>>> print(open('entry_0.txt').read())   # compact mmCIF, C-alpha atoms
# COMPACT_ATOMS: atom_id res chain seq x y z
CA MET A 727 -48.58 17.82 -51.58
CA ASN A 728 -46.28 20.58 -52.64
CA LYS A 729 -45.85 21.70 -49.03
CA LYS A 730 -44.99 18.15 -48.03
CA ASN A 731 -42.24 17.93 -50.68
CA LEU A 732 -40.94 21.34 -49.68
CA PHE A 733 -40.82 20.25 -46.01
CA ILE A 734 -38.93 17.03 -46.89
CA ALA A 735 -36.45 18.99 -49.08
CA SER A 736 -35.93 21.54 -46.31
CA LEU A 737 -35.40 18.79 -43.72
CA THR A 738 -32.88 17.01 -46.00
CA ALA A 739 -31.01 20.27 -46.65
CA ASN A 740 -30.81 20.98 -42.91
CA VAL A 741 -29.47 17.51 -42.13
CA ALA A 742 -26.91 17.83 -44.96
CA LEU A 743 -25.86 21.25 -43.64
CA ILE A 744 -25.41 19.87 -40.12
CA VAL A 745 -23.30 16.96 -41.46
CA ILE A 746 -21.15 19.39 -43.48
CA ILE A 747 -20.64 21.63 -40.41
CA PHE A 748 -19.46 18.67 -38.30
CA LEU A 749 -17.10 17.44 -41.04
CA VAL A 750 -15.59 20.90 -41.52
CA LYS A 751 -15.29 21.39 -37.75
CA LYS A 752 -13.51 18.05 -37.37
CA ASP A 753 -11.08 18.90 -40.20
CA ALA A 754 -10.49 22.41 -38.83
CA THR A 755 -9.74 20.97 -35.40
CA ALA A 756 -7.20 18.53 -36.83
CA GLN A 757 -5.53 21.32 -38.82
CA ALA A 758 -5.38 23.58 -35.78
CA GLN A 759 -3.92 20.80 -33.63
CA GLU A 760 -1.27 20.05 -36.28
CA PHE A 761 -0.36 23.75 -36.53
CA VAL A 762 -0.11 24.11 -32.74
CA LYS A 763 2.02 20.95 -32.48
CA LYS A 764 4.51 22.26 -35.08
CA THR A 765 4.62 25.65 -33.35
CA GLN A 766 5.23 24.03 -29.96
CA GLU A 767 8.05 21.86 -31.33
CA THR A 768 9.72 24.91 -32.89
CA ALA A 769 9.36 26.89 -29.66
CA LYS A 770 10.72 24.00 -27.60
CA TYR A 771 13.77 23.74 -29.88
CA GLN A 772 14.39 27.49 -29.71
CA ILE A 773 14.05 27.52 -25.91
CA GLY A 774 16.57 24.66 -25.74
CA GLN A 775 19.02 26.61 -27.90
CA VAL A 776 18.68 29.73 -25.75
CA ASN A 777 19.17 27.64 -22.61
CA ASP A 778 22.31 26.09 -24.15
CA ASN A 779 23.71 29.51 -25.00
CA VAL A 780 23.05 30.94 -21.55
CA GLN A 781 24.44 28.02 -19.53
CA ASN A 782 27.45 27.34 -21.78
CA ASN A 783 28.36 31.03 -22.03
CA ASN A 784 28.10 31.29 -18.23
CA LEU A 785 30.86 28.66 -18.10
CA LEU A 786 32.99 30.78 -20.45
CA TRP A 787 32.46 33.85 -18.25
CA THR A 788 33.55 31.80 -15.23
CA LEU A 789 36.71 30.78 -17.11
CA ILE A 790 37.38 34.41 -18.03
CA ASP A 791 37.04 35.36 -14.37
CA SER A 792 39.31 32.50 -13.25
CA THR A 793 41.93 33.40 -15.86
CA TRP A 794 41.81 37.08 -14.98
CA LYS A 795 42.22 36.41 -11.25
CA SER A 796 44.93 33.78 -11.68
CA PRO A 797 48.58 34.77 -11.25
CA ASP A 798 49.46 32.28 -14.02
CA LYS A 799 47.91 33.44 -17.30
CA SER A 800 50.10 31.37 -19.63
CA LYS A 801 48.72 29.56 -22.67
CA ALA A 802 49.40 26.23 -20.96
CA PHE A 803 47.40 27.27 -17.89
CA VAL A 804 44.45 28.52 -19.98
CA LYS A 805 44.49 25.33 -22.10
CA LYS A 806 44.59 23.14 -18.98
CA LEU A 807 41.78 25.15 -17.39
CA ALA A 808 39.65 24.77 -20.53
CA ASP A 809 40.43 21.06 -20.90
CA ASN A 810 39.23 20.42 -17.35
CA GLN A 811 35.78 21.87 -18.10
CA LYS A 812 32.80 20.51 -19.99
CA VAL A 813 29.87 22.53 -21.26
CA PRO A 814 26.68 21.75 -19.35
CA ARG A 815 24.35 21.72 -22.38
CA CYS A 816 24.58 19.94 -25.75
CA ASN A 817 21.92 20.25 -28.47
CA GLY A 818 19.09 21.32 -26.18
CA LYS A 819 19.71 18.86 -23.35
CA ASN A 820 22.22 18.17 -20.59
CA CYS A 821 25.51 16.80 -21.92
CA ALA A 822 26.13 13.17 -21.09
CA GLY A 823 29.56 12.40 -19.66
CA THR A 824 32.45 12.17 -22.08
CA GLU A 825 30.80 13.30 -25.30
CA ASP A 826 33.25 14.95 -27.64
CA GLU A 827 30.88 17.85 -28.19
CA SER A 828 30.77 18.55 -24.45
CA ARG A 829 34.47 19.48 -24.46
CA LEU A 830 35.49 23.09 -24.76
CA ARG A 831 37.43 23.82 -27.92
CA THR A 832 40.76 25.62 -27.85
CA VAL A 833 42.69 27.14 -30.74
CA ILE A 834 46.25 28.29 -30.06
CA SER A 835 47.67 30.85 -32.46
CA SER A 836 51.40 31.58 -32.34
CA ASN A 837 51.99 33.58 -35.51
CA ALA A 838 53.51 37.07 -35.49
CA GLN A 839 50.21 38.93 -35.91
CA ASP A 840 48.13 36.91 -33.49
CA ARG A 841 49.60 35.32 -30.38
CA SER A 842 46.59 34.03 -28.48
CA ILE A 843 44.52 31.14 -27.26
CA LYS A 844 40.85 31.04 -28.14
CA VAL A 845 38.52 29.07 -25.83
CA GLY A 846 34.90 28.34 -26.60
CA TRP A 847 32.19 25.94 -27.63
CA GLY A 848 30.08 25.36 -30.72
CA SER A 849 31.69 24.88 -34.07
CA LYS A 850 31.43 26.97 -37.22
CA GLY A 851 34.00 24.82 -38.99
CA LYS A 852 37.59 23.73 -38.63
CA ASP A 853 39.38 25.85 -36.00
CA ASN A 854 36.46 28.27 -35.95
CA ILE A 855 34.57 28.43 -32.67
CA LYS A 856 31.06 29.86 -32.53
CA TYR A 857 31.05 31.24 -28.94
CA SER A 858 34.43 32.09 -27.48
CA PHE A 859 36.82 34.40 -25.73
CA LYS A 860 40.43 35.07 -26.60
CA VAL A 861 43.42 35.48 -24.28
CA ILE A 862 45.94 37.70 -26.07
CA TYR A 863 49.71 37.66 -25.52
CA ASP A 864 52.57 39.89 -26.71
CA GLN A 865 55.61 38.79 -28.75
CA LYS A 866 57.28 37.36 -25.64
CA ASP A 867 54.17 35.33 -24.71
CA LYS A 868 53.38 37.67 -21.84
CA PHE A 869 49.68 38.16 -21.03
CA VAL A 870 48.16 41.33 -22.52
CA THR A 871 44.37 41.11 -22.18
CA ILE A 872 41.25 39.01 -22.59
CA ASP A 873 38.95 39.74 -25.53
CA ALA A 874 35.35 38.74 -24.78
CA SER A 875 33.73 40.77 -27.57
CA ASP A 876 32.29 37.60 -29.11
CA LEU A 877 30.41 36.81 -25.91
CA LEU A 878 29.21 40.42 -25.71
CA GLY A 879 27.81 40.20 -29.24
CA LYS A 880 30.31 42.65 -30.69
CA SER A 881 32.20 41.60 -33.76
CA THR A 882 35.86 42.28 -34.14
CA PRO A 883 37.39 43.38 -37.47
CA GLU A 884 38.96 39.89 -37.80
CA ALA A 885 35.56 38.20 -37.39
CA GLU A 886 33.94 40.50 -39.98
CA GLU A 887 36.71 39.73 -42.49
CA ALA A 888 36.36 35.98 -41.85
CA GLU A 889 32.58 36.15 -42.33
CA GLU A 890 32.95 38.10 -45.58
CA ALA A 891 35.51 35.56 -46.82
CA THR A 892 33.14 32.62 -46.16
CA GLU A 893 30.24 34.30 -47.98
>>> encode(input="entry_0.txt", output="structure tokens")
Amino acid sequence: MNKKNLFIASLTANVALIVIIFLVKKDATAQAQEFVKKTQETAKYQIGQVNDNVQNNNLLWTLIDSTWKSPDKSKAFVKKLADNQKVPRCNGKNCAGTEDESRLRTVISSNAQDRSIKVGWGSKGKDNIKYSFKVIYDQKDKFVTIDASDLLGKSTPEAEEAEEATE
């Protein structure tokens, strides 16, 4: 009789162990699927951001090339050139038509220290453009050069001072 009870207890323990294994496996599968889904969403967002940066910055490089090759490099010409363009990507997808965020931003500076027009996209705040290039002029509004250090990932002393001031 003792062997019979031992056999029944062993059989019950085995069935309980099998049930526990299936419950844990089901829960582990759900957790793994949830983790993978979150990771995929994050990766998809990051890929969209990289795609935005590449395509939109390609537009800025095209504008730099057009400005450089143009005989007219005035502020009015650069502003008109920028106003006629729209960035191809907005927030991880193609920009739709006349969205305000699809327009290139321009900031014209005419003070004594900085006579320039800044063209770019993406906003860091009022009159502060995230990705841009700058066409620099002398005191008589004659073209001097184009500064694309922002697009090259190099910070200028002005940008470093502005970042320190905002922190």
>>> closest_residue(input="entry_0.txt", among="A:Ser842, A:Ser849, A:Ser875, A:Asn820", to="Ile862 of chain A", atoms="only C-alpha atoms")
A:Ser842
>>> closest_residue(input="entry_0.txt", among="A:Leu877, A:Val741, A:Ala802, A:Val750", to="Asn779 of chain A", atoms="all atoms listed in the file")
A:Leu877
>>> residues_near_point(input="entry_0.txt", point="(47.0, 33.1, -29.9)", cutoff="10 Å", atoms="only C-alpha atoms", output="mmCIF file with C-alpha atoms, in the frame of the given file")
data_model
loop_
_atom_site.group_PDB
_atom_site.id
_atom_site.type_symbol
_atom_site.label_atom_id
_atom_site.label_comp_id
_atom_site.auth_asym_id
_atom_site.auth_seq_id
_atom_site.Cartn_x
_atom_site.Cartn_y
_atom_site.Cartn_z
ATOM 1 C CA LYS A 801 48.720 29.560 -22.670
ATOM 2 C CA THR A 832 40.760 25.620 -27.850
ATOM 3 C CA VAL A 833 42.690 27.140 -30.740
ATOM 4 C CA ILE A 834 46.250 28.290 -30.060
ATOM 5 C CA SER A 835 47.670 30.850 -32.460
ATOM 6 C CA SER A 836 51.400 31.580 -32.340
ATOM 7 C CA ASN A 837 51.990 33.580 -35.510
ATOM 8 C CA ALA A 838 53.510 37.070 -35.490
ATOM 9 C CA GLN A 839 50.210 38.930 -35.910
ATOM 10 C CA ASP A 840 48.130 36.910 -33.490
ATOM 11 C CA ARG A 841 49.600 35.320 -30.380
ATOM 12 C CA SER A 842 46.590 34.030 -28.480
ATOM 13 C CA ILE A 843 44.520 31.140 -27.260
ATOM 14 C CA LYS A 844 40.850 31.040 -28.140
ATOM 15 C CA LYS A 860 40.430 35.070 -26.600
ATOM 16 C CA VAL A 861 43.420 35.480 -24.280
ATOM 17 C CA ILE A 862 45.940 37.700 -26.070
ATOM 18 C CA TYR A 863 49.710 37.660 -25.520
ATOM 19 C CA ASP A 864 52.570 39.890 -26.710
ATOM 20 C CA ASP A 867 54.170 35.330 -24.710
#
>>> closest_atom_pairs(input="entry_0.txt", of="segment 771-843 of chain A", to="segment 762-767 of chain A", cutoff="12 Å", atoms="all atoms listed in the file", output="CSV")
residue,atom,partner,partner_atom,distance
A:Tyr771,CA,A:Glu767,CA,6.2
A:Gln772,CA,A:Glu767,CA,8.6
A:Ile773,CA,A:Glu767,CA,9.9
A:Gly774,CA,A:Glu767,CA,10.6
>>> atom_distance(input="entry_0.txt", atom1="atom CA of Arg829 of chain A", atom2="atom CA of Ala808 of chain A")
8.4 Å
>>> residues_around(input="entry_0.txt", residues="Val776 of chain A", least_positions_apart="3", cutoff="12 Å", atoms="all atoms listed in the file", output="tab-separated table (two decimals) with C-alpha atoms, keeping the file's coordinate frame")
chain	number	residue	atom	x	y	z
A	769	ALA	CA	9.36	26.89	-29.66
A	770	LYS	CA	10.72	24.00	-27.60
A	771	TYR	CA	13.77	23.74	-29.88
A	772	GLN	CA	14.39	27.49	-29.71
A	773	ILE	CA	14.05	27.52	-25.91
A	779	ASN	CA	23.71	29.51	-25.00
A	780	VAL	CA	23.05	30.94	-21.55
A	781	GLN	CA	24.44	28.02	-19.53
A	782	ASN	CA	27.45	27.34	-21.78
A	783	ASN	CA	28.36	31.03	-22.03
A	815	ARG	CA	24.35	21.72	-22.38
A	816	CYS	CA	24.58	19.94	-25.75
A	817	ASN	CA	21.92	20.25	-28.47
A	818	GLY	CA	19.09	21.32	-26.18
A	819	LYS	CA	19.71	18.86	-23.35
>>> residues_around(input="entry_0.txt", residues="Lys856 of chain A", least_positions_apart="6", cutoff="8 Å", atoms="only C-alpha atoms", output="ChimeraX atom specification")
/A:846-850
